2 protein chains.
Amino acid sequence: MHEAIRKYILSYTNEAISDEEYQIIQDAFVPKKIRKRQYLLQEGDVCKHLAFIVHGAMRQYSVDDKGIEHIIHFGIENWWIGDRESFIMLTPSKYNVDAVEDSDVLLLTHEKMQLLSDKIPAFTRTFSVLDQRNFIASQKRIHASISLTAEERYADLAERNPSLLQRFPQNMVASYLGISPETLSRIRKKALSR
Amino acid sequence: MHEAIRKYILSYTNEAISDEEYQIIQDAFVPKKIRKRQYLLQEGDVCKHLAFIVHGAMRQYSVDDKGIEHIIHFGIENWWIGDRESFIMLTPSKYNVDAVEDSDVLLLTHEKMQLLSDKIPAFTRTFSVLDQRNFIASQKRIHASISLTAEERYADLAERNPSLLQRFPQNMVASYLGISPETLSRIRKKALSR
């Protein structure tokens, strides 16, 4: 399972990873199986791990006073999931993270992340590029939310991350887009009839 | 004007900045005055500079086919502004950046940013913390956009960044929140009458 994280880091950086460094990386990441509907994080707990998804599909979401779920992130193969704010600040999380499919993940604690950042230049570089990409992706999503109609937001997601539409059920996609399942259903029918 | 960036970096890190390092920082940042309504970046151009705002108020926005402006970021003292995606990827920007008040900024090119990252640990540390904070702030804004009503989004902004409401005109605040000026006006009246 650890081979996945090595490949991932090498896809982000030109810096080589020595055998010794690879050993440190292997020791830092703890493999875990998370069955469908099982939690990685529950609201109110501090997020102790970031999870690198080797196989599977997961989501991060809040639940409001009316019991409605609001999905802020999806995660599939080669994505990270976890509440970064809680992970860094050690504050109780407002979010839940659970598995939508049976998933294999590699868990990283804050302490081990610090260790890797200090010792492995390729890891530091990977996270720096990742943070930049996340920032850019967040900016696009914020821009979509303030400037696009529900219909355009769906088309935007279908273009940028078509795999998410195949992996996650429609009610979750609606939640991620901030629209009702009924609105999403109407939009999909219209899109298909074109 | 450079003293502002020194103070800013010191507020982010415990690492000391030597006189020699401060000289490198001073040489890297080019001061510029941007008058109200003057552009730092225009749509279609590559974003050549990130601007650190010493004094003033600026905004980053797109203009859609109907001529409507969508403001994605505000910037005031001690904030950065610029299209990070275009800056990093060297792609034409979809955004405009202009001054809402007469502004004093310190400009940083990609090349100089790289130089500072390579040579000044305190600078690298500052940007790493800044990227984390940006990621967290973006996550909050995305969560607000999918889970809160227009009224709640306004209250959320008033709580987290009250200074923005004082510095920017109402029509710009409405654009930033992704609501119409009429809706914002109604929400404000309701909030004031409580």
# chains A, B, ... in the order shown; residues from 1 in each chain; ligands from 1
$ residues_around --residues "stretch 149-159 of chain A" --least-positions-apart "6" --cutoff "7 Å" --atoms "only C-alpha atoms" --output "ChimeraX atom specification"
/A:165,179,187
$ write_last_selection --atoms "C-alpha atoms" --output "mmCIF file, in the first residue's frame"
data_model
loop_
_atom_site.group_PDB
_atom_site.id
_atom_site.type_symbol
_atom_site.label_atom_id
_atom_site.label_comp_id
_atom_site.auth_asym_id
_atom_site.auth_seq_id
_atom_site.Cartn_x
_atom_site.Cartn_y
_atom_site.Cartn_z
ATOM 1 C CA LEU A 165 -20.229 12.283 -10.613
ATOM 2 C CA ILE A 179 -28.391 22.770 -4.244
ATOM 3 C CA ILE A 187 -30.651 19.962 -14.202
#
$ interface_residues --of "chain B" --to "chain A" --cutoff "8 Å" --atoms "only C-alpha atoms" --output "PDB file with N, CA and C atoms, in the first residue's frame"
ATOM      1  N   HIS B  70     -17.946  39.984 -10.462  1.00  0.00           N
ATOM      2  CA  HIS B  70     -17.997  39.008  -9.369  1.00  0.00           C
ATOM      3  C   HIS B  70     -16.702  39.117  -8.572  1.00  0.00           C
ATOM      4  N   ILE B  72     -14.016  38.123  -6.033  1.00  0.00           N
ATOM      5  CA  ILE B  72     -13.591  36.900  -5.354  1.00  0.00           C
ATOM      6  C   ILE B  72     -12.715  37.197  -4.131  1.00  0.00           C
ATOM      7  N   ARG B  84      -3.191  34.151  -7.981  1.00  0.00           N
ATOM      8  CA  ARG B  84      -2.143  33.167  -7.690  1.00  0.00           C
ATOM      9  C   ARG B  84      -2.019  32.126  -8.805  1.00  0.00           C
ATOM     10  N   GLU B  85      -3.150  31.704  -9.372  1.00  0.00           N
ATOM     11  CA  GLU B  85      -3.096  30.693 -10.433  1.00  0.00           C
ATOM     12  C   GLU B  85      -2.296  31.208 -11.630  1.00  0.00           C
ATOM     13  N   SER B 128       4.375  29.383   4.075  1.00  0.00           N
ATOM     14  CA  SER B 128       3.766  28.094   4.383  1.00  0.00           C
ATOM     15  C   SER B 128       2.598  28.270   5.362  1.00  0.00           C
ATOM     16  N   ASP B 131      -0.274  29.954   3.447  1.00  0.00           N
ATOM     17  CA  ASP B 131      -1.008  29.026   2.591  1.00  0.00           C
ATOM     18  C   ASP B 131      -1.973  28.178   3.410  1.00  0.00           C
ATOM     19  N   GLN B 132      -1.527  27.765   4.587  1.00  0.00           N
ATOM     20  CA  GLN B 132      -2.410  26.997   5.466  1.00  0.00           C
ATOM     21  C   GLN B 132      -3.623  27.838   5.872  1.00  0.00           C
ATOM     22  N   ASN B 134      -4.838  30.446   4.359  1.00  0.00           N
ATOM     23  CA  ASN B 134      -5.680  30.679   3.190  1.00  0.00           C
ATOM     24  C   ASN B 134      -6.557  29.476   2.903  1.00  0.00           C
ATOM     25  N   PHE B 135      -5.954  28.295   3.052  1.00  0.00           N
ATOM     26  CA  PHE B 135      -6.700  27.067   2.806  1.00  0.00           C
ATOM     27  C   PHE B 135      -7.877  26.972   3.785  1.00  0.00           C
ATOM     28  N   ILE B 136      -7.605  27.266   5.045  1.00  0.00           N
ATOM     29  CA  ILE B 136      -8.645  27.207   6.076  1.00  0.00           C
ATOM     30  C   ILE B 136      -9.731  28.260   5.816  1.00  0.00           C
ATOM     31  N   SER B 138     -10.488  29.611   2.940  1.00  0.00           N
ATOM     32  CA  SER B 138     -11.225  29.212   1.734  1.00  0.00           C
ATOM     33  C   SER B 138     -12.238  28.139   2.073  1.00  0.00           C
ATOM     34  N   GLN B 139     -11.815  27.182   2.911  1.00  0.00           N
ATOM     35  CA  GLN B 139     -12.718  26.098   3.306  1.00  0.00           C
ATOM     36  C   GLN B 139     -13.954  26.676   4.000  1.00  0.00           C
ATOM     37  N   ARG B 141     -15.178  29.669   3.633  1.00  0.00           N
ATOM     38  CA  ARG B 141     -16.021  30.410   2.700  1.00  0.00           C
ATOM     39  C   ARG B 141     -16.818  29.452   1.813  1.00  0.00           C
ATOM     40  N   ILE B 142     -16.211  28.348   1.396  1.00  0.00           N
ATOM     41  CA  ILE B 142     -16.932  27.350   0.601  1.00  0.00           C
ATOM     42  C   ILE B 142     -18.054  26.743   1.435  1.00  0.00           C
ATOM     43  N   HIS B 143     -17.739  26.441   2.682  1.00  0.00           N
ATOM     44  CA  HIS B 143     -18.760  25.855   3.550  1.00  0.00           C
ATOM     45  C   HIS B 143     -19.929  26.813   3.721  1.00  0.00           C
ATOM     46  N   SER B 145     -20.861  29.053   1.616  1.00  0.00           N
ATOM     47  CA  SER B 145     -21.601  29.193   0.354  1.00  0.00           C
ATOM     48  C   SER B 145     -22.544  28.019   0.108  1.00  0.00           C
ATOM     49  N   ILE B 146     -22.188  26.814   0.586  1.00  0.00           N
ATOM     50  CA  ILE B 146     -23.086  25.677   0.340  1.00  0.00           C
ATOM     51  C   ILE B 146     -24.084  25.454   1.478  1.00  0.00           C
ATOM     52  N   SER B 147     -23.812  26.004   2.665  1.00  0.00           N
ATOM     53  CA  SER B 147     -24.662  25.630   3.800  1.00  0.00           C
ATOM     54  C   SER B 147     -25.457  26.787   4.406  1.00  0.00           C
ATOM     55  N   SER B 175     -21.580  41.670  -4.153  1.00  0.00           N
ATOM     56  CA  SER B 175     -20.922  40.860  -5.184  1.00  0.00           C
ATOM     57  C   SER B 175     -20.032  39.791  -4.548  1.00  0.00           C
ATOM     58  N   TYR B 176     -19.293  40.176  -3.507  1.00  0.00           N
ATOM     59  CA  TYR B 176     -18.413  39.249  -2.784  1.00  0.00           C
ATOM     60  C   TYR B 176     -19.211  38.098  -2.166  1.00  0.00           C
ATOM     61  N   LEU B 177     -20.416  38.416  -1.684  1.00  0.00           N
ATOM     62  CA  LEU B 177     -21.264  37.393  -1.056  1.00  0.00           C
ATOM     63  C   LEU B 177     -22.077  36.600  -2.085  1.00  0.00           C
ATOM     64  N   GLY B 178     -22.040  37.036  -3.339  1.00  0.00           N
ATOM     65  CA  GLY B 178     -22.798  36.330  -4.376  1.00  0.00           C
ATOM     66  C   GLY B 178     -24.293  36.578  -4.281  1.00  0.00           C
ATOM     67  N   ILE B 179     -24.682  37.772  -3.805  1.00  0.00           N
ATOM     68  CA  ILE B 179     -26.109  38.116  -3.720  1.00  0.00           C
ATOM     69  C   ILE B 179     -26.332  39.461  -4.417  1.00  0.00           C
TER      70      ILE B 179
END
$ select_by_dssp --residues "stretch 23-150 of chain A" --states "alpha helix (DSSP H)" --output "ChimeraX atom specification"
/A:23-28,84-89,110-119,121-147,150
$ write_last_selection --atoms "C-alpha atoms" --output "tab-separated table (two decimals), in the first residue's frame"
chain	number	residue	atom	x	y	z
A	23	GLN	CA	11.89	3.90	4.85
A	24	ILE	CA	11.10	7.04	6.92
A	25	ILE	CA	8.02	7.64	4.77
A	26	GLN	CA	6.86	4.04	5.15
A	27	ASP	CA	7.25	4.24	8.92
A	28	ALA	CA	5.32	7.54	9.07
A	84	ARG	CA	-6.95	20.60	7.98
A	85	GLU	CA	-8.01	23.39	10.37
A	86	SER	CA	-8.63	21.00	13.27
A	87	PHE	CA	-5.51	19.01	12.35
A	88	ILE	CA	-3.26	22.09	12.50
A	89	MET	CA	-4.94	24.10	15.25
A	110	HIS	CA	0.68	15.96	12.78
A	111	GLU	CA	3.88	14.83	14.46
A	112	LYS	CA	4.86	12.53	11.59
A	113	MET	CA	3.96	15.19	9.06
A	114	GLN	CA	6.35	17.56	10.83
A	115	LEU	CA	9.03	14.88	10.82
A	116	LEU	CA	8.65	14.30	7.08
A	117	SER	CA	8.67	18.05	6.40
A	118	ASP	CA	11.91	18.40	8.34
A	119	LYS	CA	13.70	15.38	6.89
A	121	PRO	CA	12.80	17.68	0.87
A	122	ALA	CA	10.65	15.85	-1.71
A	123	PHE	CA	7.81	15.65	0.83
A	124	THR	CA	8.07	19.36	1.70
A	125	ARG	CA	8.03	20.18	-1.99
A	126	THR	CA	4.99	17.94	-2.56
A	127	PHE	CA	3.01	19.62	0.18
A	128	SER	CA	3.97	23.07	-0.99
A	129	VAL	CA	2.76	22.29	-4.55
A	130	LEU	CA	-0.34	20.62	-3.11
A	131	ASP	CA	-1.19	23.68	-1.01
A	132	GLN	CA	-0.85	25.88	-4.08
A	133	ARG	CA	-3.11	23.60	-6.12
A	134	ASN	CA	-5.63	23.45	-3.28
A	135	PHE	CA	-5.61	27.22	-3.08
A	136	ILE	CA	-6.25	27.49	-6.82
A	137	ALA	CA	-9.00	24.84	-6.74
A	138	SER	CA	-10.64	26.58	-3.75
A	139	GLN	CA	-10.51	29.90	-5.58
A	140	LYS	CA	-12.26	28.32	-8.58
A	141	ARG	CA	-14.94	26.80	-6.38
A	142	ILE	CA	-15.55	30.10	-4.56
A	143	HIS	CA	-15.73	31.91	-7.88
A	144	ALA	CA	-18.24	29.34	-9.18
A	145	SER	CA	-20.35	29.74	-6.04
A	146	ILE	CA	-20.64	33.52	-6.35
A	147	SER	CA	-20.85	33.84	-10.14
A	150	ALA	CA	-26.79	25.97	-10.22
$ residues_around --residues "B:Val46" --least-positions-apart "4" --cutoff "6 Å" --atoms "only C-alpha atoms" --output "PDB file with C-alpha atoms, in the first residue's frame"
ATOM      1  CA  SER B  86      -1.949  32.976 -13.237  1.00  0.00           C
ATOM      2  CA  LEU B  90       1.914  31.843 -16.156  1.00  0.00           C
ATOM      3  CA  THR B  91      -1.533  31.518 -17.763  1.00  0.00           C
ATOM      4  CA  PRO B  92      -3.719  34.487 -18.799  1.00  0.00           C
ATOM      5  CA  SER B  93      -5.846  35.602 -15.863  1.00  0.00           C
TER       6      SER B  93
END
$ closest_residue --among "A:Thr183, A:Glu77, A:Lys36, A:Gly67" --to "A:Val97" --atoms "only C-alpha atoms"
A:Lys36
$ closest_residue --among "A:Asp98, A:Ser103, A:Trp80, A:Glu21" --to "A:Glu43" --atoms "only C-alpha atoms"
A:Asp98
$ atom_distance --atom1 "atom CA of A:Lys7" --atom2 "atom CA of A:Val54"
11.0 Å
$ residues_around --residues "B:Phe29" --least-positions-apart "2" --cutoff "10 Å" --atoms "only C-alpha atoms" --output "PyMOL selection string"
chain B and resi 1-2+5+24-27+31-32+49-52+105-109+112-113
$ select_by_dssp --residues "chain A" --states "strand (DSSP E)" --output "PyMOL selection string"
chain A and resi 30-34+39-41+49-55+58-63+69-75+80-81+96-99+103-109
$ atom_distance --atom1 "atom CA of A:Met172" --atom2 "atom CA of A:Arg188"
14.1 Å
$ closest_residue --among "B:Ala191, B:Pro181, B:Ser163, B:Ile34" --to "B:Asp104" --atoms "only C-alpha atoms"
B:Ile34
$ closest_residue --among "B:Leu184, B:Ala4, B:Leu192, B:Leu40" --to "B:Asn171" --atoms "only C-alpha atoms"
B:Leu184
